[in-house]
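S.K.: One structure coming up, written as structure tokens, with questions to follow.
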Amino acid sequence: MIESLLKVNQLTTAIGTGNDKVNVVDDINFTINKGETFVLLGESGSGKSITALSIMRLLPSAAGIVSGEVILNGQNIFDLPESKMRDVRGAKIGMIFQEPQSSLNPVLTAGQQISETLFRHQKLSKLECLVRSIELLDAVGIPEPDRRINEYPHQFSGGMKQRIMIAMALAGEPDLLIADEPTTALDVTIQSQVLSLLCKLQKDTGMAILFITHDLGVASEMADHIAVMRTGKIVEAKDKVTLFSKPEHPYTLQLFDAIPSWQKRQDESKIAKFQGTDEECLLKVNNLKIHYPIKKGVFKRVVGHVRAVDGVTLKLHAGETLALVGESGSGKTTLGKGILRLLQITSGEVLYKNINLSTLGAAALRQKRSEIQIVFQDPYSSMNPRMMIKDIIQEGMLAQGIGETRKDRDQMTEELLEQVGLLPEHQLRYPHEFSGGQRQRVCIARALAVKPKLIICDEPTSALDVSVQSQILALFRKLQKKYQLGYLFITHNISVVEYIADTVAVMYQGEIVEQGDVEQVLIHPKSEYTKELLSAVPRIVKTGTG
């Protein structure tokens, strides 16, 4: 008989005071059995994280539990005083937060942070805490744990920081582990390692997992049961096989339809292999190198170089999308900035319409930059928060002398906003008044304002929910068809590549290890690194028909 561990009954959590209260978690119910993984699936703002914080009783001051109960091993933990609740956190319920950088204490070593939990809940001595901390770091795959236990968070990579968070959560030997988007900020291979690690630890310890995610591929890989959440409510809850074979709720179906893939691309339009001629060639990158000197000693002598981009050669045509794929640190963004000469090039050449950008003077380069634009990964930090949308879009127009009068520029701004799916009246708002997807649309409008021929898209959808991502990708394709734009699309998301790319270049440690037609590279990869990258992508496995 399956034994339940956690029961959430009619939980309602509100934010606000008095008459301004809004239910962000609205009368939800679910059960997590011992040893199983229960996935809470939904987009940003659906109430997933607030649900987890409600269970842990760690809500921000503006939020409060209105009604409901959370039963852990037969005990309603909402009835416990705070002193007893501290015994539950860590010992009975552990939690991995989404962003390890902000969750770890920067002035304490990895060992000190794990030892806090061990001392509090396991009552171990100082020496026992040290030994157990090393064991936990080893269990989560940190190499040389006896040495690295004395290192600080900034000395670890993003994936390693997340492993430390997992070690801290496991230190109290909890019955339930809450994992709140634990792989969102990680590369696909690191994500695969973390997911495999969680599955192994679950098998070894028998703990249950409440896994919060917006990624259907990750949900498919991890879940036993799934609850789909939208605007504070659970709209559909089923076991994994049933949900993925027979989704019923319109919102669940919408999430499935929004997933970018090769199949979706084929369904939307007939796929023809891109045939670009040399006359249509917008961009040629020949043996480009960007090296950073390593300086040491009192006199700062150069003792070596970091080869961020090391001999890259690419070609991109008008109306074509070239996807640049690779993990963090592979040199993708550095290459994009080097093409625009936002970074100093060590050697090689960048030819735009056969004009060598690397030899142009400042004035000539500024003029050419109107034809080459960039859309950055984080739309919020790439816009001035003190400027209205109209001024942000028109900044490039003024710099390039586009539009004879203010009235001309205002009219162009309205047209651009409509092209990217926004309203003309949005031009009088500020960036903070928009959602992430809307901000990215503003950035696309800003890039289009100077009538470019080539747009470098640097992870433009990585921070977006799947439905918003789908809208932005569809917008990119529509604009490309209308204006014959060339896209250098920098991403680590293979599903996005399948949907939008014509050709693919796979980058690893500053070099291109494989490139070619999208179908050739993704279906018949030759490089071992490409094979490893593709095998790490979580895939949705559907059983039956739906």
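Please note that chains go A, B, ... in the order of the structure tokens, that every chain numbers its residues from 1, and that ligands are numbered from 1 in the order shown.
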Just asking: which residues within range 440-488 of chain A are helix (DSSP H, G or I) according to DSSP, as a ChimeraX atom specification?
M.R.: /A:440-448,466-483
S.K.: Do a neighbour search on Thr252 in chain A at 12 Å with only C-alpha atoms, toss out local chain neighbours closer than 6 positions, and write the hits as a PyMOL selection string.
M.R.: chain A and resi 41-43+214+216+226-230+234-238+243-246+258-259+466-467
S.K.: Once DSSP has gone over the backbone, tell me which residues of range 293-472 of chain A are in strand (DSSP E or B), as a PyMOL selection string.
M.R.: chain A and resi 293-296+301-317+321-325+347-352+355-356+372-375+454-458
S.K.: Leaving out Gln193 in chain A and any residue of its chain fewer than 2 positions from it, which residues lie within 12 Å of it when counting only C-alpha atoms, given as a list in words?
M.R.: Val140, Gly141, Ile142, Gly159, Met160, Gln162, Arg163, Pro182, Thr183, Leu186, Asp187, Val188, Thr189, Ile190, Gln191, Leu195, Ser196, Leu197, Leu198, Cys199, Lys200, Glu532, Leu533, Ser535, Ala536, Val537 and Pro538 of chain A
S.K.: Under the rule that only C-alpha atoms are counted, which of A:Ile372, A:Asn493, A:Asp79, A:Thr321 is the nearest residue to Arg477 in chain A?
M.R.: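 Distance minimum relative to Arg477 in chain A lands on A:Thr321.
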S.K.: Compare A:Asp224, A:Asp257, A:Asp378, A:Glu349 by their minimum atom-to-atom distance to Lys284 in chain A, counting only C-alpha atoms, and give me the closest one.
M.R.: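 That would be A:Glu349, the residue with the smallest distance to Lys284 in chain A.
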